[in-house]
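**Q** If you scroll down you'll find the structure; I have some questions about it.
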Amino acid sequence: MTNIRHTGIVVTDINKSIDFYSQYFGFQVKKDMLERGEYIDNFCAMNDVSVRTVKMALENGNMIELLDFVSHREDNQDKKINQIGCTHIALTVDNLDSLYDRMSNDGVHFNCAPQSSPDGMAKATFCTDPDGTFIELVEILN
């Protein structure tokens, strides 16, 4: 393996999610397309898939991919941090306290206020995106 390419996040309102990830974390849209046909059907192991995919990247190349399954919507289930499988993405941020205040004032849900790790090396908290996907926010302390 040479690197982690991107993290895929299924969303219900892609425009709201684009705004969320760009406004708070600086991701910019790099590619926006509607995918359908045999290739994507095979990838998803489903028939007649139609999915809007939006690749968003930071200046350093780190990337997320938002997926809006137009043809195969699932109900948004209550997500739990301890469920089996991939449960969250972690983002390193600057000035976590300020970001926390701004996001909280905008109504973003947090599990707790930012707190220092037991070893004192980082400050961290968890929030959720508009669809309830957990995001760990970490500020490295010097």
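Letters A, B, ... go to the chains of the structure tokens in the order shown; residues in each chain start at 1; ligands are counted from 1 in the same order.
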Which polymer residues have any atom within 9 Å of an atom of Ile89 (chain A), counting only C-alpha atoms, with same-chain residues fewer than 5 positions away left out, as a PDB file with N, CA and C atoms, in the first residue's frame?
**A**
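Once everything was written out, this is selection_15.pdb:
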```pdb
ATOM      1  N   THR A   7     -11.866   8.698   2.017  1.00  0.00           N
ATOM      2  CA  THR A   7     -12.897   8.122   2.866  1.00  0.00           C
ATOM      3  C   THR A   7     -14.237   8.411   2.214  1.00  0.00           C
ATOM      4  N   THR A 133     -22.749  11.005  10.845  1.00  0.00           N
ATOM      5  CA  THR A 133     -21.437  10.356  10.759  1.00  0.00           C
ATOM      6  C   THR A 133     -20.513  10.989  11.794  1.00  0.00           C
ATOM      7  N   PHE A 134     -19.864  10.154  12.592  1.00  0.00           N
ATOM      8  CA  PHE A 134     -18.974  10.664  13.638  1.00  0.00           C
ATOM      9  C   PHE A 134     -17.675  11.187  13.040  1.00  0.00           C
ATOM     10  N   ILE A 135     -17.250  12.350  13.540  1.00  0.00           N
ATOM     11  CA  ILE A 135     -15.986  12.954  13.145  1.00  0.00           C
ATOM     12  C   ILE A 135     -15.214  13.267  14.421  1.00  0.00           C
ATOM     13  N   GLU A 136     -14.029  12.669  14.536  1.00  0.00           N
ATOM     14  CA  GLU A 136     -13.135  12.975  15.662  1.00  0.00           C
ATOM     15  C   GLU A 136     -12.287  14.162  15.254  1.00  0.00           C
ATOM     16  N   LEU A 137     -12.303  15.198  16.063  1.00  0.00           N
ATOM     17  CA  LEU A 137     -11.498  16.396  15.808  1.00  0.00           C
ATOM     18  C   LEU A 137     -10.363  16.418  16.819  1.00  0.00           C
TER      19      LEU A 137
END
```
**Q** Write down as a PDB file with C-alpha atoms, in the first residue's frame the residues belonging to chain A that are assigned strand (DSSP E) by DSSP computed on the backbone.
**A**
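In the end it all went to out.pdb:
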```
ATOM      1  CA  THR A   7     -12.897   8.122   2.866  1.00  0.00           C
ATOM      2  CA  GLY A   8     -16.363   7.527   1.400  1.00  0.00           C
ATOM      3  CA  ILE A   9     -19.344   8.997   3.232  1.00  0.00           C
ATOM      4  CA  VAL A  10     -22.930   8.243   2.155  1.00  0.00           C
ATOM      5  CA  GLN A  28     -12.972  21.880  -1.812  1.00  0.00           C
ATOM      6  CA  VAL A  29     -14.922  20.093  -4.556  1.00  0.00           C
ATOM      7  CA  LYS A  30     -12.528  18.533  -7.065  1.00  0.00           C
ATOM      8  CA  LYS A  31     -14.889  16.266  -8.983  1.00  0.00           C
ATOM      9  CA  ASP A  32     -18.685  16.048  -9.108  1.00  0.00           C
ATOM     10  CA  MET A  33     -20.308  13.381 -11.242  1.00  0.00           C
ATOM     11  CA  LEU A  34     -23.337  11.144 -11.654  1.00  0.00           C
ATOM     12  CA  GLU A  35     -22.284   7.533 -11.966  1.00  0.00           C
ATOM     13  CA  ARG A  36     -24.373   4.758 -13.470  1.00  0.00           C
ATOM     14  CA  SER A  50     -27.401   5.897  -9.924  1.00  0.00           C
ATOM     15  CA  VAL A  51     -25.115   7.693  -7.464  1.00  0.00           C
ATOM     16  CA  ARG A  52     -23.820  11.253  -7.376  1.00  0.00           C
ATOM     17  CA  THR A  53     -20.232  11.243  -6.185  1.00  0.00           C
ATOM     18  CA  VAL A  54     -18.421  14.378  -5.075  1.00  0.00           C
ATOM     19  CA  LYS A  55     -14.704  14.152  -4.373  1.00  0.00           C
ATOM     20  CA  MET A  56     -13.486  16.897  -2.029  1.00  0.00           C
ATOM     21  CA  ALA A  57      -9.859  17.525  -1.144  1.00  0.00           C
ATOM     22  CA  MET A  63      -9.668  13.507   0.191  1.00  0.00           C
ATOM     23  CA  ILE A  64     -13.209  12.526   1.110  1.00  0.00           C
ATOM     24  CA  GLU A  65     -15.873  11.278  -1.276  1.00  0.00           C
ATOM     25  CA  LEU A  66     -19.514  12.133  -0.632  1.00  0.00           C
ATOM     26  CA  LEU A  67     -21.986   9.663  -2.147  1.00  0.00           C
ATOM     27  CA  ASP A  68     -25.667  10.383  -2.731  1.00  0.00           C
ATOM     28  CA  PHE A  69     -27.391   7.168  -3.856  1.00  0.00           C
ATOM     29  CA  HIS A  88     -15.667   7.572  12.223  1.00  0.00           C
ATOM     30  CA  ILE A  89     -13.076   9.677  10.481  1.00  0.00           C
ATOM     31  CA  ALA A  90     -10.493  11.681  12.422  1.00  0.00           C
ATOM     32  CA  LEU A  91      -9.371  15.119  11.294  1.00  0.00           C
ATOM     33  CA  THR A  92      -6.441  17.101  12.675  1.00  0.00           C
ATOM     34  CA  GLN A 115     -10.706  17.837  26.325  1.00  0.00           C
ATOM     35  CA  SER A 116      -7.011  17.126  26.757  1.00  0.00           C
ATOM     36  CA  ALA A 122      -3.617  16.365  22.158  1.00  0.00           C
ATOM     37  CA  LYS A 123      -7.017  17.925  22.651  1.00  0.00           C
ATOM     38  CA  ALA A 124      -9.972  16.103  21.082  1.00  0.00           C
ATOM     39  CA  THR A 125     -13.724  15.753  20.757  1.00  0.00           C
ATOM     40  CA  PHE A 126     -16.323  14.064  18.560  1.00  0.00           C
ATOM     41  CA  CYS A 127     -19.022  15.762  16.500  1.00  0.00           C
ATOM     42  CA  THR A 128     -21.418  14.501  13.857  1.00  0.00           C
ATOM     43  CA  PHE A 134     -18.974  10.664  13.638  1.00  0.00           C
ATOM     44  CA  ILE A 135     -15.986  12.954  13.145  1.00  0.00           C
ATOM     45  CA  GLU A 136     -13.135  12.975  15.662  1.00  0.00           C
ATOM     46  CA  LEU A 137     -11.498  16.396  15.808  1.00  0.00           C
ATOM     47  CA  VAL A 138      -7.951  16.451  17.169  1.00  0.00           C
ATOM     48  CA  GLU A 139      -5.609  19.356  17.892  1.00  0.00           C
ATOM     49  CA  ILE A 140      -2.008  18.342  18.492  1.00  0.00           C
TER      50      ILE A 140
END
```
**Q** Which of these residues is nearest to Asp101 (chain A), using only C-alpha atoms: A:Pro114, A:Gly37, A:Gly132, A:Gly120?
**A**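 For Asp101 (chain A), the nearest of the candidates is A:Pro114.
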**Q** Contacts of Lys16 (chain A) at 10 Å or less, counting only C-alpha atoms, minus same-chain residues fewer than 5 places along, as number ranges by chain?
**A** A: 11, 21, 129-131
**Q** As a PyMOL selection string, list the residues of chain A assigned to helix (DSSP H, G or I) by DSSP on the backbone atoms of this structure.
**A** chain A and resi 14-25+38-44+96-105
**Q** Hey, can you check how far CA of Phe27 (chain A) sits from CA of Asn62 (chain A)?
**A** 8.8 Å
**Q** Between CA of Leu141 (chain A) and CA of Asp94 (chain A), what is the distance in Å, rounded to a tenth?
**A**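 CA of Asp94 (chain A) lies 9.5 Å from CA of Leu141 (chain A).
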**Q** Which is closest to Arg5 (chain A) among A:Gly26, A:Gly107, A:Gly61, A:Pro118, if we use only C-alpha atoms?
**A**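 Checking each of A:Gly26, A:Gly107, A:Gly61, A:Pro118 against Arg5 (chain A), counting only C-alpha atoms, the winner is A:Gly61.
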**Q** Go ahead and compute the interatomic distance for CA of Asn60 (chain A) and CA of Thr2 (chain A), in Å to one decimal.
**A**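 Distance reported for this atom pair: 15.7 Å.
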**Q** For region 102-106 of chain A, find every residue with an atom within 10 Å (counting only C-alpha atoms), except residues of its own chain fewer than 6 positions away, and show them as a PyMOL selection string.
**A** chain A and resi 20+23-24+96+113+127
**Q** The selected residues should be written to file as a PDB file, in the first residue's frame (atoms: C-alpha atoms).
**A**
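As a result, result-v2.pdb now contains:
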```
ATOM      1  CA  PHE A  20     -20.538  21.335   5.995  1.00  0.00           C
ATOM      2  CA  GLN A  23     -17.227  25.509   5.691  1.00  0.00           C
ATOM      3  CA  TYR A  24     -15.742  23.835   8.756  1.00  0.00           C
ATOM      4  CA  LEU A  96     -10.058  23.202  18.299  1.00  0.00           C
ATOM      5  CA  ALA A 113     -16.460  19.811  24.783  1.00  0.00           C
ATOM      6  CA  CYS A 127     -19.022  15.762  16.500  1.00  0.00           C
TER       7      CYS A 127
END
```
